file target.cif (mmCIF, C-alpha atoms and all ligand atoms)
data_entry
#
loop_
_atom_site.group_PDB
_atom_site.id
_atom_site.type_symbol
_atom_site.label_atom_id
_atom_site.label_comp_id
_atom_site.auth_asym_id
_atom_site.auth_seq_id
_atom_site.Cartn_x
_atom_site.Cartn_y
_atom_site.Cartn_z
ATOM 1 C CA MET A 189 0.000 0.000 0.000
ATOM 2 C CA ASP A 190 1.191 3.510 -0.754
ATOM 3 C CA THR A 191 2.025 5.236 2.462
ATOM 4 C CA ASN A 192 -0.294 8.128 1.635
ATOM 5 C CA LYS A 193 -3.549 6.156 1.868
ATOM 6 C CA VAL A 194 -6.260 7.177 4.321
ATOM 7 C CA ALA A 195 -8.486 4.511 5.888
ATOM 8 C CA VAL A 196 -11.634 5.152 7.944
ATOM 9 C CA ILE A 197 -12.666 2.206 10.107
ATOM 10 C CA THR A 198 -15.974 2.024 11.970
ATOM 11 C CA GLY A 199 -16.165 -0.262 14.967
ATOM 12 C CA GLY A 200 -12.450 0.432 15.341
ATOM 13 C CA ALA A 201 -12.511 0.199 19.136
ATOM 14 C CA SER A 202 -12.644 -3.593 19.258
ATOM 15 C CA GLY A 203 -12.307 -6.927 17.519
ATOM 16 C CA ILE A 204 -12.125 -6.922 13.730
ATOM 17 C CA GLY A 205 -12.191 -3.107 13.495
ATOM 18 C CA ARG A 206 -9.282 -2.626 15.895
ATOM 19 C CA ALA A 207 -7.240 -5.361 14.181
ATOM 20 C CA THR A 208 -7.923 -3.728 10.814
ATOM 21 C CA ALA A 209 -6.932 -0.282 12.091
ATOM 22 C CA LEU A 210 -3.635 -1.745 13.341
ATOM 23 C CA LYS A 211 -3.106 -3.590 10.039
ATOM 24 C CA PHE A 212 -3.609 -0.515 7.860
ATOM 25 C CA ALA A 213 -1.414 1.560 10.158
ATOM 26 C CA SER A 214 1.334 -1.075 9.977
ATOM 27 C CA LYS A 215 1.196 -0.680 6.188
ATOM 28 C CA GLY A 216 1.698 3.066 6.434
ATOM 29 C CA ALA A 217 -1.885 4.269 6.087
ATOM 30 C CA GLN A 218 -3.265 7.199 8.026
ATOM 31 C CA VAL A 219 -6.139 5.788 10.027
ATOM 32 C CA VAL A 220 -9.372 7.276 11.336
ATOM 33 C CA VAL A 221 -10.815 5.118 14.093
ATOM 34 C CA ALA A 222 -14.567 5.598 14.510
ATOM 35 C CA ASP A 223 -16.657 4.060 17.255
ATOM 36 C CA PHE A 224 -19.169 5.091 19.877
ATOM 37 C CA ASN A 225 -16.915 3.567 22.531
ATOM 38 C CA GLU A 226 -14.621 6.535 23.115
ATOM 39 C CA GLN A 227 -12.322 4.957 25.681
ATOM 40 C CA ALA A 228 -11.530 1.817 23.690
ATOM 41 C CA GLY A 229 -11.399 3.739 20.402
ATOM 42 C CA THR A 230 -8.838 6.101 21.878
ATOM 43 C CA GLN A 231 -6.823 3.069 22.996
ATOM 44 C CA THR A 232 -6.696 1.821 19.401
ATOM 45 C CA VAL A 233 -5.370 5.218 18.335
ATOM 46 C CA GLU A 234 -2.766 5.176 21.116
ATOM 47 C CA MET A 235 -1.631 1.689 20.046
ATOM 48 C CA ILE A 236 -1.064 3.047 16.519
ATOM 49 C CA ASN A 237 0.543 6.348 17.426
ATOM 50 C CA GLU A 238 2.859 4.773 20.029
ATOM 51 C CA ASN A 239 4.240 2.601 17.222
ATOM 52 C CA GLY A 240 5.000 5.546 14.969
ATOM 53 C CA GLY A 241 1.729 5.443 13.028
ATOM 54 C CA GLN A 242 -0.739 8.225 12.385
ATOM 55 C CA ALA A 243 -4.301 7.887 13.649
ATOM 56 C CA ILE A 244 -7.120 9.938 15.090
ATOM 57 C CA PHE A 245 -10.300 8.938 16.894
ATOM 58 C CA VAL A 246 -13.722 10.313 15.942
ATOM 59 C CA LYS A 247 -16.568 9.407 18.279
ATOM 60 C CA THR A 248 -19.340 8.223 15.976
ATOM 61 C CA ASP A 249 -22.679 6.485 16.273
ATOM 62 C CA VAL A 250 -22.979 4.926 12.823
ATOM 63 C CA SER A 251 -26.758 4.622 13.177
ATOM 64 C CA LYS A 252 -26.957 8.437 12.835
ATOM 65 C CA PHE A 253 -26.301 9.733 9.333
ATOM 66 C CA GLU A 254 -25.223 13.196 10.495
ATOM 67 C CA GLU A 255 -22.543 11.607 12.696
ATOM 68 C CA VAL A 256 -21.179 9.537 9.804
ATOM 69 C CA GLU A 257 -21.166 12.655 7.597
ATOM 70 C CA ALA A 258 -19.253 14.470 10.349
ATOM 71 C CA LEU A 259 -16.834 11.529 10.564
ATOM 72 C CA VAL A 260 -16.105 11.786 6.856
ATOM 73 C CA GLU A 261 -15.598 15.560 7.132
ATOM 74 C CA GLN A 262 -13.212 15.127 10.068
ATOM 75 C CA ALA A 263 -11.238 12.454 8.226
ATOM 76 C CA VAL A 264 -10.797 14.774 5.247
ATOM 77 C CA ALA A 265 -9.973 17.740 7.498
ATOM 78 C CA ALA A 266 -7.242 15.675 9.188
ATOM 79 C CA PHE A 267 -5.771 13.770 6.244
ATOM 80 C CA GLY A 268 -7.129 15.390 3.061
ATOM 81 C CA LYS A 269 -9.105 12.455 1.581
ATOM 82 C CA ILE A 270 -10.527 8.981 2.154
ATOM 83 C CA ASP A 271 -9.183 6.020 0.174
ATOM 84 C CA VAL A 272 -10.715 3.202 2.198
ATOM 85 C CA MET A 273 -14.022 3.238 4.083
ATOM 86 C CA PHE A 274 -14.516 0.122 6.194
ATOM 87 C CA ASN A 275 -18.160 -0.013 7.330
ATOM 88 C CA ASN A 276 -17.671 -2.585 10.045
ATOM 89 C CA ALA A 277 -19.431 -1.532 13.273
ATOM 90 C CA GLY A 278 -21.978 -4.121 14.305
ATOM 91 C CA ILE A 279 -23.984 -5.604 17.140
ATOM 92 C CA GLY A 280 -25.705 -8.914 17.741
ATOM 93 C CA ARG A 281 -28.665 -10.088 19.839
ATOM 94 C CA ILE A 282 -29.763 -13.635 20.516
ATOM 95 C CA THR A 283 -33.573 -13.741 20.858
ATOM 96 C CA PRO A 284 -36.198 -16.101 19.439
ATOM 97 C CA VAL A 285 -38.039 -14.236 16.697
ATOM 98 C CA LEU A 286 -41.491 -14.545 18.242
ATOM 99 C CA ASP A 287 -40.308 -13.358 21.664
ATOM 100 C CA GLN A 288 -38.334 -10.486 20.295
ATOM 101 C CA ASP A 289 -38.742 -6.943 21.551
ATOM 102 C CA LEU A 290 -39.096 -4.969 18.327
ATOM 103 C CA ARG A 291 -36.831 -2.287 19.770
ATOM 104 C CA ASP A 292 -34.038 -4.873 19.742
ATOM 105 C CA TYR A 293 -34.834 -5.725 16.137
ATOM 106 C CA HIS A 294 -34.637 -2.066 15.126
ATOM 107 C CA SER A 295 -31.449 -1.426 17.070
ATOM 108 C CA VAL A 296 -29.671 -4.228 15.181
ATOM 109 C CA ILE A 297 -30.969 -2.934 11.843
ATOM 110 C CA ASN A 298 -30.032 0.638 12.761
ATOM 111 C CA VAL A 299 -26.393 -0.275 13.382
ATOM 112 C CA ASN A 300 -25.664 -3.220 11.076
ATOM 113 C CA GLN A 301 -27.737 -2.162 8.074
ATOM 114 C CA HIS A 302 -28.290 1.580 8.344
ATOM 115 C CA GLY A 303 -24.741 2.126 9.599
ATOM 116 C CA VAL A 304 -23.515 0.644 6.324
ATOM 117 C CA VAL A 305 -26.002 2.719 4.297
ATOM 118 C CA HIS A 306 -24.682 5.839 6.006
ATOM 119 C CA GLY A 307 -21.060 4.916 5.367
ATOM 120 C CA ILE A 308 -21.651 4.108 1.698
ATOM 121 C CA ILE A 309 -23.465 7.386 1.048
ATOM 122 C CA ALA A 310 -21.256 9.712 3.110
ATOM 123 C CA ALA A 311 -17.918 8.239 1.981
ATOM 124 C CA GLY A 312 -19.107 7.621 -1.593
ATOM 125 C CA LYS A 313 -20.174 11.262 -2.004
ATOM 126 C CA LYS A 314 -16.898 12.524 -0.594
ATOM 127 C CA MET A 315 -14.814 10.206 -2.810
ATOM 128 C CA ARG A 316 -16.810 11.371 -5.845
ATOM 129 C CA GLU A 317 -16.403 15.032 -4.870
ATOM 130 C CA LEU A 318 -12.632 14.661 -4.413
ATOM 131 C CA GLY A 319 -12.189 12.371 -7.424
ATOM 132 C CA THR A 320 -10.728 9.624 -5.239
ATOM 133 C CA LYS A 321 -10.779 6.151 -6.766
ATOM 134 C CA GLY A 322 -11.397 4.603 -3.391
ATOM 135 C CA VAL A 323 -12.803 1.391 -2.016
ATOM 136 C CA ILE A 324 -15.708 0.862 0.355
ATOM 137 C CA ILE A 325 -15.638 -2.431 2.246
ATOM 138 C CA ASN A 326 -18.645 -3.551 4.298
ATOM 139 C CA THR A 327 -18.679 -6.243 6.945
ATOM 140 C CA ALA A 328 -21.298 -8.856 6.107
ATOM 141 C CA SER A 329 -21.291 -12.321 7.713
ATOM 142 C CA VAL A 330 -21.865 -15.966 6.951
ATOM 143 C CA PHE A 331 -25.181 -15.171 8.664
ATOM 144 C CA GLY A 332 -26.067 -13.130 5.575
ATOM 145 C CA PHE A 333 -26.330 -16.511 3.826
ATOM 146 C CA LEU A 334 -27.071 -19.093 6.509
ATOM 147 C CA ALA A 335 -29.908 -19.094 9.039
ATOM 148 C CA SER A 336 -29.296 -19.966 12.657
ATOM 149 C CA PRO A 337 -31.832 -19.902 15.516
ATOM 150 C CA GLY A 338 -32.268 -16.702 17.551
ATOM 151 C CA THR A 339 -30.610 -14.202 15.229
ATOM 152 C CA PHE A 340 -33.477 -13.044 13.009
ATOM 153 C CA ALA A 341 -32.577 -9.338 13.034
ATOM 154 C CA TYR A 342 -28.899 -10.063 12.494
ATOM 155 C CA HIS A 343 -29.701 -12.205 9.431
ATOM 156 C CA ALA A 344 -31.949 -9.477 8.052
ATOM 157 C CA SER A 345 -29.224 -6.863 8.507
ATOM 158 C CA LYS A 346 -26.406 -8.908 6.990
ATOM 159 C CA GLY A 347 -28.533 -10.075 4.063
ATOM 160 C CA ALA A 348 -29.187 -6.416 3.355
ATOM 161 C CA VAL A 349 -25.475 -5.607 3.533
ATOM 162 C CA ILE A 350 -24.820 -8.191 0.827
ATOM 163 C CA MET A 351 -27.344 -6.745 -1.634
ATOM 164 C CA MET A 352 -26.453 -3.134 -0.786
ATOM 165 C CA THR A 353 -22.840 -3.971 -1.582
ATOM 166 C CA LYS A 354 -23.738 -5.274 -5.040
ATOM 167 C CA SER A 355 -26.106 -2.401 -5.780
ATOM 168 C CA ALA A 356 -23.689 0.304 -4.650
ATOM 169 C CA ALA A 357 -20.812 -1.306 -6.577
ATOM 170 C CA LEU A 358 -22.823 -0.944 -9.755
ATOM 171 C CA GLU A 359 -23.699 2.681 -9.124
ATOM 172 C CA LEU A 360 -20.297 3.825 -7.870
ATOM 173 C CA ALA A 361 -18.278 2.084 -10.587
ATOM 174 C CA PRO A 362 -18.498 5.097 -12.966
ATOM 175 C CA TYR A 363 -16.554 7.110 -10.370
ATOM 176 C CA GLY A 364 -13.845 4.459 -10.063
ATOM 177 C CA ILE A 365 -15.024 3.490 -6.577
ATOM 178 C CA ARG A 366 -15.143 -0.208 -5.710
ATOM 179 C CA VAL A 367 -17.637 -1.551 -3.177
ATOM 180 C CA LEU A 368 -17.293 -4.992 -1.675
ATOM 181 C CA ALA A 369 -18.036 -6.952 1.441
ATOM 182 C CA VAL A 370 -16.129 -9.320 3.642
ATOM 183 C CA ALA A 371 -18.075 -12.141 5.282
ATOM 184 C CA PRO A 372 -16.441 -13.554 8.421
ATOM 185 C CA GLY A 373 -17.617 -16.758 10.083
ATOM 186 C CA ALA A 374 -16.766 -17.341 13.752
ATOM 187 C CA VAL A 375 -14.263 -14.773 14.938
ATOM 188 C CA ASP A 376 -12.938 -14.511 18.482
ATOM 189 C CA THR A 377 -14.202 -11.060 19.473
ATOM 190 C CA PRO A 378 -16.507 -9.703 22.197
ATOM 191 C CA ILE A 379 -19.531 -9.912 19.876
ATOM 192 C CA ILE A 380 -19.657 -13.712 20.339
ATOM 193 C CA GLN A 381 -19.738 -13.438 24.152
ATOM 194 C CA GLY A 382 -23.431 -14.430 24.114
ATOM 195 C CA TYR A 383 -22.513 -17.688 22.409
ATOM 196 C CA LYS A 384 -19.682 -18.227 24.881
ATOM 197 C CA ASP A 385 -22.088 -17.664 27.790
ATOM 198 C CA GLN A 386 -24.433 -20.286 26.338
ATOM 199 C CA GLY A 387 -21.622 -22.841 25.956
ATOM 200 C CA MET A 388 -21.865 -22.790 22.171
ATOM 201 C CA VAL A 389 -18.260 -22.023 21.277
ATOM 202 C CA ASP A 390 -17.311 -25.643 20.581
ATOM 203 C CA ALA A 391 -20.170 -25.853 18.074
ATOM 204 C CA MET A 392 -18.920 -22.645 16.437
ATOM 205 C CA LYS A 393 -15.365 -23.936 16.264
ATOM 206 C CA ALA A 394 -16.593 -27.140 14.650
ATOM 207 C CA LYS A 395 -17.850 -25.091 11.689
ATOM 208 C CA VAL A 396 -14.399 -23.663 10.990
ATOM 209 C CA ILE A 397 -11.657 -25.595 9.194
ATOM 210 C CA GLY A 398 -9.113 -26.558 11.841
ATOM 211 C CA ASN A 399 -11.752 -26.591 14.624
ATOM 212 C CA LYS A 400 -10.872 -23.124 15.892
ATOM 213 C CA LEU A 401 -12.147 -19.593 16.019
ATOM 214 C CA THR A 402 -10.805 -17.252 13.349
ATOM 215 C CA THR A 403 -8.709 -14.415 14.770
ATOM 216 C CA PRO A 404 -9.666 -10.776 14.146
ATOM 217 C CA GLU A 405 -6.189 -10.319 12.659
ATOM 218 C CA GLN A 406 -6.980 -12.899 9.969
ATOM 219 C CA VAL A 407 -10.072 -10.950 8.926
ATOM 220 C CA ALA A 408 -8.084 -7.692 9.027
ATOM 221 C CA ASP A 409 -5.525 -9.221 6.651
ATOM 222 C CA SER A 410 -8.342 -10.109 4.224
ATOM 223 C CA VAL A 411 -9.762 -6.585 4.370
ATOM 224 C CA TYR A 412 -6.331 -5.145 3.698
ATOM 225 C CA LEU A 413 -5.810 -7.411 0.672
ATOM 226 C CA LEU A 414 -9.180 -6.382 -0.772
ATOM 227 C CA SER A 415 -8.262 -2.718 -0.443
ATOM 228 C CA LEU A 416 -5.210 -3.016 -2.690
ATOM 229 C CA GLU A 417 -5.213 -1.857 -6.308
ATOM 230 C CA GLU A 418 -4.109 -5.401 -7.198
ATOM 231 C CA ALA A 419 -7.629 -6.483 -6.151
ATOM 232 C CA SER A 420 -9.224 -4.221 -8.758
ATOM 233 C CA ALA A 421 -11.083 -7.137 -10.375
ATOM 234 C CA ILE A 422 -12.873 -7.807 -7.102
ATOM 235 C CA ASN A 423 -15.880 -5.498 -7.141
ATOM 236 C CA GLY A 424 -19.474 -5.994 -5.979
ATOM 237 C CA SER A 425 -18.290 -9.252 -4.412
ATOM 238 C CA VAL A 426 -18.886 -10.714 -0.999
ATOM 239 C CA VAL A 427 -15.593 -12.317 -0.065
ATOM 240 C CA MET A 428 -15.836 -15.099 2.498
ATOM 241 C CA ALA A 429 -13.228 -14.659 5.239
ATOM 242 C CA ASP A 430 -14.716 -17.573 7.134
ATOM 243 C CA GLU A 431 -12.191 -20.437 6.939
ATOM 244 C CA GLY A 432 -14.805 -22.590 5.266
ATOM 245 C CA TYR A 433 -17.714 -21.932 7.675
ATOM 246 C CA ALA A 434 -20.242 -21.438 4.862
ATOM 247 C CA SER A 435 -18.713 -24.028 2.529
ATOM 248 C CA PHE A 436 -19.138 -27.311 4.394
ATOM 249 C CA LYS A 437 -21.734 -29.079 6.444
HETATM 250 P P1 LIG B 1 -16.857 -6.292 18.439
HETATM 251 O O1 LIG B 1 -18.000 -6.280 19.380
HETATM 252 O O2 LIG B 1 -15.512 -6.655 18.942
HETATM 253 O O3 LIG B 1 -16.725 -4.890 17.673
HETATM 254 C C1 LIG B 1 -17.836 -4.154 17.246
HETATM 255 C C2 LIG B 1 -17.535 -2.685 17.438
HETATM 256 O O4 LIG B 1 -18.620 -1.926 16.887
HETATM 257 C C3 LIG B 1 -17.389 -2.272 18.905
HETATM 258 O O5 LIG B 1 -16.207 -1.530 19.078
HETATM 259 C C4 LIG B 1 -18.618 -1.418 19.146
HETATM 260 O O6 LIG B 1 -18.416 -0.397 20.124
HETATM 261 C C5 LIG B 1 -18.862 -0.841 17.769
HETATM 262 N N1 LIG B 1 -20.224 -0.346 17.599
HETATM 263 C C6 LIG B 1 -21.383 -0.991 17.901
HETATM 264 N N2 LIG B 1 -22.423 -0.188 17.629
HETATM 265 C C7 LIG B 1 -21.919 0.977 17.137
HETATM 266 C C8 LIG B 1 -22.497 2.184 16.675
HETATM 267 N N3 LIG B 1 -23.826 2.382 16.679
HETATM 268 N N4 LIG B 1 -21.680 3.158 16.216
HETATM 269 C C9 LIG B 1 -20.339 2.989 16.221
HETATM 270 N N5 LIG B 1 -19.738 1.867 16.666
HETATM 271 C C10 LIG B 1 -20.523 0.881 17.117
HETATM 272 O O7 LIG B 1 -17.285 -7.318 17.287
HETATM 273 P P2 LIG B 1 -16.579 -7.758 15.927
HETATM 274 O O8 LIG B 1 -16.673 -9.221 15.852
HETATM 275 O O9 LIG B 1 -15.265 -7.114 15.764
HETATM 276 O O10 LIG B 1 -17.618 -7.168 14.875
HETATM 277 C C11 LIG B 1 -17.226 -6.402 13.749
HETATM 278 C C12 LIG B 1 -18.167 -6.756 12.599
HETATM 279 O O11 LIG B 1 -17.952 -8.120 12.238
HETATM 280 C C13 LIG B 1 -19.648 -6.632 12.927
HETATM 281 O O12 LIG B 1 -20.316 -6.048 11.820
HETATM 282 C C14 LIG B 1 -20.080 -8.083 13.091
HETATM 283 O O13 LIG B 1 -21.449 -8.258 12.787
HETATM 284 C C15 LIG B 1 -19.191 -8.753 12.070
HETATM 285 N N6 LIG B 1 -19.025 -10.189 12.209
HETATM 286 C C16 LIG B 1 -18.434 -10.735 13.322
HETATM 287 C C17 LIG B 1 -18.301 -12.096 13.418
HETATM 288 C C18 LIG B 1 -17.708 -12.749 14.628
HETATM 289 O O14 LIG B 1 -17.792 -13.975 14.745
HETATM 290 N N7 LIG B 1 -17.065 -12.006 15.529
HETATM 291 C C19 LIG B 1 -18.759 -13.007 12.359
HETATM 292 C C20 LIG B 1 -19.332 -12.316 11.222
HETATM 293 C C21 LIG B 1 -19.444 -10.962 11.162
#
call {"tool": "encode", "arguments": {"input": "target.cif", "output": "structure tokens", "more": "lines below"}}
Ligand code: NAI
result
Amino acid sequence: MDTNKVAVITGGASGIGRATALKFASKGAQVVVADFNEQAGTQTVEMINENGGQAIFVKTDVSKFEEVEALVEQAVAAFGKIDVMFNNAGIGRITPVLDQDLRDYHSVINVNQHGVVHGIIAAGKKMRELGTKGVIINTASVFGFLASPGTFAYHASKGAVIMMTKSAALELAPYGIRVLAVAPGAVDTPIIQGYKDQGMVDAMKAKVIGNKLTTPEQVADSVYLLSLEEASAINGSVVMADEGYASFK
């Protein structure tokens, strides 16, 4: 990666987002860490800057369009442009569909689906305005393809991310902007704590080749590869970063 790239990473306070922020910084990118968790997001920035990298934190609730617009403005004010927008912030809830509080349903959609909508529109407009041939990468999931009990809202949100990725790729292509998604499987981050609490981790591991959880760093490596110009043929695609989770029974 050229050392003058700018990457904005939502959900950068934890898990896959933090690992991706560290990965891009290690490759010389200037990184904007966005999250609504200010303390942990600031820690990510400190980890980068203490190692000679360049990062800033912007407190952002991705479910609010005006906050994502402000994030994009602050990224450009700090570093002049945006080359990579990683729409990654997400939440999960485990509730049987018929017992679900609809507020929970909407909160998952507001973050996982609308957060991605906001990132595509705000970053896409800014890239178009500045003439940046950038890349927008969205975090989908194997759960955008495969149903599992108790995660109705999550499936709805990730299924939407997959189709929004394809649709936006088509519309942003004339500006030289690629849009793609990465679909992790079972990654060892705080978001799977509910599964850990229910003693379901062994079942998750059994879905992954090698009977293990994928590390956030492995997903970060995949995101980084997709961002490179050498990946220019990969556009509108949902790339499985799942170590086989969705490929085998
Ligand atoms: P995580 O819980 O470690 O990180 C999620 C981050 O998103 C947290 O820092 C959280 O503060 C932030 N966030 C949540 N709501 C937000 C909001 N409204 N505005 C801004 N930031 C917000 O979880 P993980 O695993 O790193 O999740 C990252 C993405 O990966 C999510 O989209 C998740 O759905 C997806 N994913 C994770 C898998 C896993 O097994 N861990 C599998 C497939 C997809």
call {"tool": "residues_near_ligand", "arguments": {"input": "target.cif", "ligand": "ligand LIG 1 (chain B)", "cutoff": "6 Å", "atoms": "all atoms listed in the file", "output": "number ranges by chain"}}
result
A: 199-205, 223-225, 248-251, 276-279, 299, 327-329, 372-380
call {"tool": "closest_residue", "arguments": {"input": "target.cif", "among": "A:Ile365, A:Ile244, A:Ala209, A:Leu334", "to": "Gly312 (chain A)", "atoms": "all atoms listed in the file"}}
result
A:Ile365
call {"tool": "resolve_selection", "arguments": {"input": "target.cif", "expression": "the PyMOL selection byres (((chain A and resi 275) around 6) and not hetatm)", "output": "ChimeraX atom specification"}}
result
/A:198,274,276,304,326
call {"tool": "residues_around", "arguments": {"input": "target.cif", "residues": "region 214-220 of chain A", "least_positions_apart": "2", "cutoff": "6 Å", "atoms": "all atoms listed in the file", "output": "list in words"}}
result
Thr191, Lys193, Val194, Ala195, Val196, Lys211, Phe212, Gln242, Ala243, Ile244 and Phe245 of chain A
call {"tool": "atom_distance", "arguments": {"input": "target.cif", "atom1": "CA of Val246 (chain A)", "atom2": "CA of Val221 (chain A)"}}
result
6.2 Å
call {"tool": "closest_residue", "arguments": {"input": "target.cif", "among": "A:Ala258, A:Val323, A:Val305, A:Ala311", "to": "Glu417 (chain A)", "atoms": "only C-alpha atoms"}}
result
A:Val323
call {"tool": "resolve_selection", "arguments": {"input": "target.cif", "expression": "the PyMOL selection byres (((chain A and resi 345) around 8) and not hetatm)", "output": "JSON, numbers by chain"}}
result
{"A": [296, 297, 300, 301, 332, 341, 342, 343, 344, 346, 347, 348, 349]}
call {"tool": "closest_residue", "arguments": {"input": "target.cif", "among": "A:Ala371, A:Thr339, A:Ala391, A:Leu413", "to": "Val285 (chain A)", "atoms": "only C-alpha atoms"}}
result
A:Thr339
call {"tool": "atom_distance", "arguments": {"input": "target.cif", "atom1": "CA of Met428 (chain A)", "atom2": "CA of Leu358 (chain A)"}}
result
20.0 Å
call {"tool": "closest_residue", "arguments": {"input": "target.cif", "among": "A:Lys393, A:Lys269, A:Lys400, A:Lys252", "to": "Gly307 (chain A)", "atoms": "all atoms listed in the file"}}
result
A:Lys252
call {"tool": "atom_distance", "arguments": {"input": "target.cif", "atom1": "CA of Ile397 (chain A)", "atom2": "CA of Ser336 (chain A)"}}
result
18.8 Å
call {"tool": "closest_residue", "arguments": {"input": "target.cif", "among": "A:Ser410, A:Pro337, A:Glu261, A:Ala369", "to": "Val426 (chain A)", "atoms": "only C-alpha atoms"}}
result
A:Ala369
call {"tool": "resolve_selection", "arguments": {"input": "target.cif", "expression": "the PyMOL selection byres (((chain A and resi 284) around 9) and not hetatm)", "output": "list in words"}}
result
Ile282, Thr283, Val285, Leu286, Asp287, Gln288, Pro337, Gly338, Thr339 and Phe340 of chain A
call {"tool": "closest_residue", "arguments": {"input": "target.cif", "among": "A:Leu259, A:Val370, A:Arg206, A:Ala265", "to": "Leu414 (chain A)", "atoms": "only C-alpha atoms"}}
result
A:Val370
call {"tool": "axis_aligned_box", "arguments": {"input": "target.cif", "around": "region 310-317 of chain A", "padding_each_side": "5 Å", "output": "lines of an AutoDock Vina configuration file"}}
result
center_x = -18.0
center_y = 11.3
center_z = -1.4
size_x = 16.4
size_y = 17.4
size_z = 19.0
call {"tool": "residues_near_point", "arguments": {"input": "target.cif", "point": "(-21.1, 17.1, 2.0)", "cutoff": "12 Å", "atoms": "only C-alpha atoms", "output": "list in words"}}
result
Phe253, Glu254, Val256, Glu257, Ala258, Leu259, Val260, Glu261, Gln262, Val264, Ile309, Ala310, Ala311, Gly312, Lys313, Lys314, Met315, Arg316, Glu317 and Leu318 of chain A
call {"tool": "decode", "arguments": {"input": "target.cif", "residues": "region 330-335 of chain A", "atoms": "all heavy atoms", "output": "mmCIF file, in the first residue's frame"}}
result
data_model
loop_
_atom_site.group_PDB
_atom_site.id
_atom_site.type_symbol
_atom_site.label_atom_id
_atom_site.label_comp_id
_atom_site.auth_asym_id
_atom_site.auth_seq_id
_atom_site.Cartn_x
_atom_site.Cartn_y
_atom_site.Cartn_z
ATOM 1 N N VAL A 330 -21.259 -14.729 7.456
ATOM 2 C CA VAL A 330 -21.865 -15.966 6.951
ATOM 3 C C VAL A 330 -23.359 -15.975 7.260
ATOM 4 O O VAL A 330 -24.151 -16.607 6.553
ATOM 5 C CB VAL A 330 -21.195 -17.235 7.545
ATOM 6 C CG1 VAL A 330 -19.761 -17.375 7.075
ATOM 7 C CG2 VAL A 330 -21.272 -17.247 9.061
ATOM 8 N N PHE A 331 -23.762 -15.233 8.310
ATOM 9 C CA PHE A 331 -25.181 -15.171 8.664
ATOM 10 C C PHE A 331 -25.996 -14.302 7.694
ATOM 11 O O PHE A 331 -27.195 -14.146 7.856
ATOM 12 C CB PHE A 331 -25.350 -14.686 10.109
ATOM 13 C CG PHE A 331 -25.164 -15.774 11.143
ATOM 14 C CD1 PHE A 331 -24.633 -17.018 10.792
ATOM 15 C CD2 PHE A 331 -25.509 -15.569 12.472
ATOM 16 C CE1 PHE A 331 -24.461 -18.022 11.745
ATOM 17 C CE2 PHE A 331 -25.343 -16.559 13.422
ATOM 18 C CZ PHE A 331 -24.814 -17.786 13.068
ATOM 19 N N GLY A 332 -25.333 -13.744 6.691
ATOM 20 C CA GLY A 332 -26.067 -13.130 5.575
ATOM 21 C C GLY A 332 -26.529 -14.181 4.582
ATOM 22 O O GLY A 332 -27.330 -13.894 3.699
ATOM 23 N N PHE A 333 -25.993 -15.395 4.734
ATOM 24 C CA PHE A 333 -26.330 -16.511 3.826
ATOM 25 C C PHE A 333 -27.038 -17.651 4.544
ATOM 26 O O PHE A 333 -27.862 -18.329 3.957
ATOM 27 C CB PHE A 333 -25.045 -17.095 3.206
ATOM 28 C CG PHE A 333 -24.237 -16.121 2.420
ATOM 29 C CD1 PHE A 333 -23.188 -15.432 3.001
ATOM 30 C CD2 PHE A 333 -24.520 -15.878 1.078
ATOM 31 C CE1 PHE A 333 -22.427 -14.527 2.272
ATOM 32 C CE2 PHE A 333 -23.766 -14.981 0.345
ATOM 33 C CZ PHE A 333 -22.723 -14.301 0.937
ATOM 34 N N LEU A 334 -26.632 -17.899 5.793
ATOM 35 C CA LEU A 334 -27.071 -19.093 6.509
ATOM 36 C C LEU A 334 -27.920 -18.704 7.711
ATOM 37 O O LEU A 334 -27.538 -17.817 8.472
ATOM 38 C CB LEU A 334 -25.845 -19.867 7.037
ATOM 39 C CG LEU A 334 -24.778 -20.278 6.023
ATOM 40 C CD1 LEU A 334 -23.567 -20.870 6.758
ATOM 41 C CD2 LEU A 334 -25.348 -21.289 5.038
ATOM 42 N N ALA A 335 -29.048 -19.382 7.881
ATOM 43 C CA ALA A 335 -29.908 -19.094 9.039
ATOM 44 C C ALA A 335 -29.491 -19.933 10.243
ATOM 45 O O ALA A 335 -29.086 -21.078 10.110
ATOM 46 C CB ALA A 335 -31.363 -19.378 8.683
#
